Amino acid sequence: MRIAITGGSGFIGRRLAARLLRKAELEKLVLFDVRSLDDAVAADPRVEQISGDIANRVDVDAAIPEGTTDVFHLGAVVSAGAEADFDLGMRVNLDGTRNVLEACRRLSKPPRVVFGSSEAVYGGELPPAIDDATPLYPQTSYGAQKACGELLVSDYSRKGFLDGRALRFPTIVVRPEPNLAASTFASTILREPLLGHPALCPVREDSVMPLMSVRRLLGCIELAWEAPAQALGTHRSLLLPALSVSVREMIAAVGRIGGEEAAKRIAMRPDPAIQRIVDTWPRAVKAERAERMGLHADSSIDSILESFVEDELPKMRTAEV
Ligand SMILES: NC(=O)c1ccc[n+]([C@@H]2O[C@H](COP(=O)([O-])OP(=O)(O)OC[C@H]3O[C@@H](n4cnc5c(N)ncnc54)[C@H](O)[C@@H]3O)[C@@H](O)[C@H]2O)c1
């Protein structure tokens with residue numbers, strides 16, 4: 001098994017790499033990114049880090065050499081980043097995806113490809129819960145670029161160039177540091193109080209978001225990756241399940257897991273621009289197709305926070321001292 005991860009130094013890419021390194025069949029793991037890692041994952045002798053720009057075809061070809069069996073395509077400019085810089089978003093999210101698919105196409109054996117898409121492909125008039133039949137009307141450039149990537153993954157699969165799966169992720173928590181995504185506050189209000197820091201919440205307490213823990217996401221990615229192509233049927237896009245959680249419930253969970261003093265570290269600081277964006281997002285997800293394949297949402301916001309406390313918090317506390 002020779003695997004490449006684009007965006008391999010990112011939040012999800014790095015954690016996926018650590019999980020894949022537990023597999024005995026893994027011979028080689030290429031981590032492709034503009035930035036590099038310097039940690040236990042990087043030190044594994046099976047890991048090769050390749051620094052490059054996904055919008056540059058030569059760089060991408062070097063990251064996906066002959067013999068690559070599997071590719072996880074996670075490299076991207078996230079939502080607000082792609083919205084702020086249209087050209088950058090098109091280059092990285094659309095041209096970059098095309099480069100990855102073309103690099104896969106030239107391999108003598110079609111690789112299995114998992115593409116990290118997003119619920120941002122949905123927009124406009126949404127039903128109370130999005131489901132497998134909800135049409136894609138993205139309202140951001142990022143969402144449009146992800147929707148294009150999904151169509152290409154299905155078409156390259158139909159042509160037999162690769163065996164693809166495009167997974168629509170909900171908001172994944174808890175990120176270890178803020179990013180440019182409008183959803184970043186969800187991680188901030190869950191993370192900072194547990195680290196003993198204050199946090200500002202820009203949206204109303206009744207705002208609801210579909211969430212998934214990164215631990216659960218990695219399980220879903222692995223199941224979808226290992227599923228036979230027939231399980232996906234006529235198209236290769238898969239809406240992932242998610243747990244709908246209100247901001248009020250997030251704050252209450254911080255209180256239960258970190259103590260009342262932790263919850264009190266969250267201050268409400270309304271930001272109408274963020275509230276407007278959050279109000280356009282799906283509030284709930286009904287992912288029956290994924291559920292039939294054995295992919296399930298987290299059971300509770302408490303279990304999401306507990307996985308963060310077990311998997312991430314000790315390393316973050318050590319890094320702070
Ligand atoms: N985290 C979420 O909540 C979420 C939700 C929906 C979809 N996604 C998708 O999942 C994937 C991974 O998300 P993440 O949270 O790990 O994001 P991230 O920003 O932490 O990681 C993305 C990585 O891509 C790299 N990258 C950016 N531009 C590049 C370029 N030109 N060439 C090479 N590498 C480049 C970045 O350096 C970064 O390490 C992304 O495609 C994202 O759109 C994430």
# chains A, B, ... in the order shown; residues from 1 in each chain; ligands from 1

$ residues_around --residues "Leu239 of chain A" --least-positions-apart "3" --cutoff "7 Å" --atoms "only C-alpha atoms" --output "list in words"
Asp132, Leu167, Arg168, Ala287 and Ala290 of chain A

$ write_last_selection --atoms "N, CA and C atoms" --output "PDB file, in the first residue's frame"
ATOM      1  N   ASP A 132     -29.738  13.010   1.061  1.00  0.00           N
ATOM      2  CA  ASP A 132     -29.008  12.562  -0.125  1.00  0.00           C
ATOM      3  C   ASP A 132     -29.578  13.121  -1.425  1.00  0.00           C
ATOM      4  N   LEU A 167     -16.396  12.820  -0.121  1.00  0.00           N
ATOM      5  CA  LEU A 167     -17.148  12.819   1.135  1.00  0.00           C
ATOM      6  C   LEU A 167     -17.464  14.251   1.549  1.00  0.00           C
ATOM      7  N   ARG A 168     -18.761  14.524   1.767  1.00  0.00           N
ATOM      8  CA  ARG A 168     -19.162  15.876   2.207  1.00  0.00           C
ATOM      9  C   ARG A 168     -19.066  15.946   3.720  1.00  0.00           C
ATOM     10  N   ALA A 287     -28.316  11.532   6.594  1.00  0.00           N
ATOM     11  CA  ALA A 287     -27.405  10.918   5.623  1.00  0.00           C
ATOM     12  C   ALA A 287     -27.663   9.414   5.535  1.00  0.00           C
ATOM     13  N   ALA A 290     -25.018   7.108   3.685  1.00  0.00           N
ATOM     14  CA  ALA A 290     -23.815   6.839   4.490  1.00  0.00           C
ATOM     15  C   ALA A 290     -24.135   5.903   5.654  1.00  0.00           C
TER      16      ALA A 290
END

$ residues_around --residues "Leu217 of chain A" --least-positions-apart "2" --cutoff "9 Å" --atoms "only C-alpha atoms" --output "number ranges by chain"
A: 12, 169, 172, 212-215, 219-222, 240, 297

$ residues_near_ligand --ligand "ligand 1" --cutoff "6 Å" --atoms "only C-alpha atoms and all ligand atoms" --output "PyMOL selection string"
chain A and resi 7+9-13+33-35+52-55+74-78+92+116-118+169-172

$ write_last_selection --atoms "C-alpha atoms" --output "PDB file, in the first residue's frame"
ATOM      1  CA  GLY A   7      -2.889  18.755   2.527  1.00  0.00           C
ATOM      2  CA  SER A   9       0.244  18.863   7.098  1.00  0.00           C
ATOM      3  CA  GLY A  10      -3.288  20.161   7.710  1.00  0.00           C
ATOM      4  CA  PHE A  11      -5.649  19.576  10.626  1.00  0.00           C
ATOM      5  CA  ILE A  12      -7.286  16.478   9.143  1.00  0.00           C
ATOM      6  CA  GLY A  13      -4.396  15.344   6.894  1.00  0.00           C
ATOM      7  CA  ASP A  33       1.637  20.277   1.339  1.00  0.00           C
ATOM      8  CA  VAL A  34       2.982  23.821   1.065  1.00  0.00           C
ATOM      9  CA  ARG A  35       4.170  23.534   4.664  1.00  0.00           C
ATOM     10  CA  GLY A  52       4.903  21.956  -3.317  1.00  0.00           C
ATOM     11  CA  ASP A  53       1.957  23.838  -4.733  1.00  0.00           C
ATOM     12  CA  ILE A  54      -1.058  21.741  -5.648  1.00  0.00           C
ATOM     13  CA  ALA A  55      -1.813  24.170  -8.486  1.00  0.00           C
ATOM     14  CA  LEU A  74      -7.450  17.152   1.385  1.00  0.00           C
ATOM     15  CA  GLY A  75      -5.307  20.109   0.254  1.00  0.00           C
ATOM     16  CA  ALA A  76      -7.486  23.213  -0.043  1.00  0.00           C
ATOM     17  CA  VAL A  77      -7.980  26.863   0.719  1.00  0.00           C
ATOM     18  CA  VAL A  78     -10.895  26.929   3.172  1.00  0.00           C
ATOM     19  CA  VAL A  92      -5.960  25.597  -5.350  1.00  0.00           C
ATOM     20  CA  GLY A 116     -12.588  15.926   1.120  1.00  0.00           C
ATOM     21  CA  SER A 117     -15.701  17.825   0.036  1.00  0.00           C
ATOM     22  CA  SER A 118     -17.960  19.929   2.214  1.00  0.00           C
ATOM     23  CA  PHE A 169     -17.786  16.737   5.628  1.00  0.00           C
ATOM     24  CA  PRO A 170     -19.773  18.753   8.180  1.00  0.00           C
ATOM     25  CA  THR A 171     -17.844  21.174  10.428  1.00  0.00           C
ATOM     26  CA  ILE A 172     -15.103  19.127  12.083  1.00  0.00           C
TER      27      ILE A 172
END

$ select_by_dssp --residues "segment 239-272 of chain A" --states "strand (DSSP E)" --output "PyMOL selection string"
chain A and resi 239+243-246+266-268

$ residues_around --residues "Val173 of chain A" --least-positions-apart "3" --cutoff "9 Å" --atoms "only C-alpha atoms" --output "PyMOL selection string"
chain A and resi 176+184+186-187+190+211-214+304-305+308
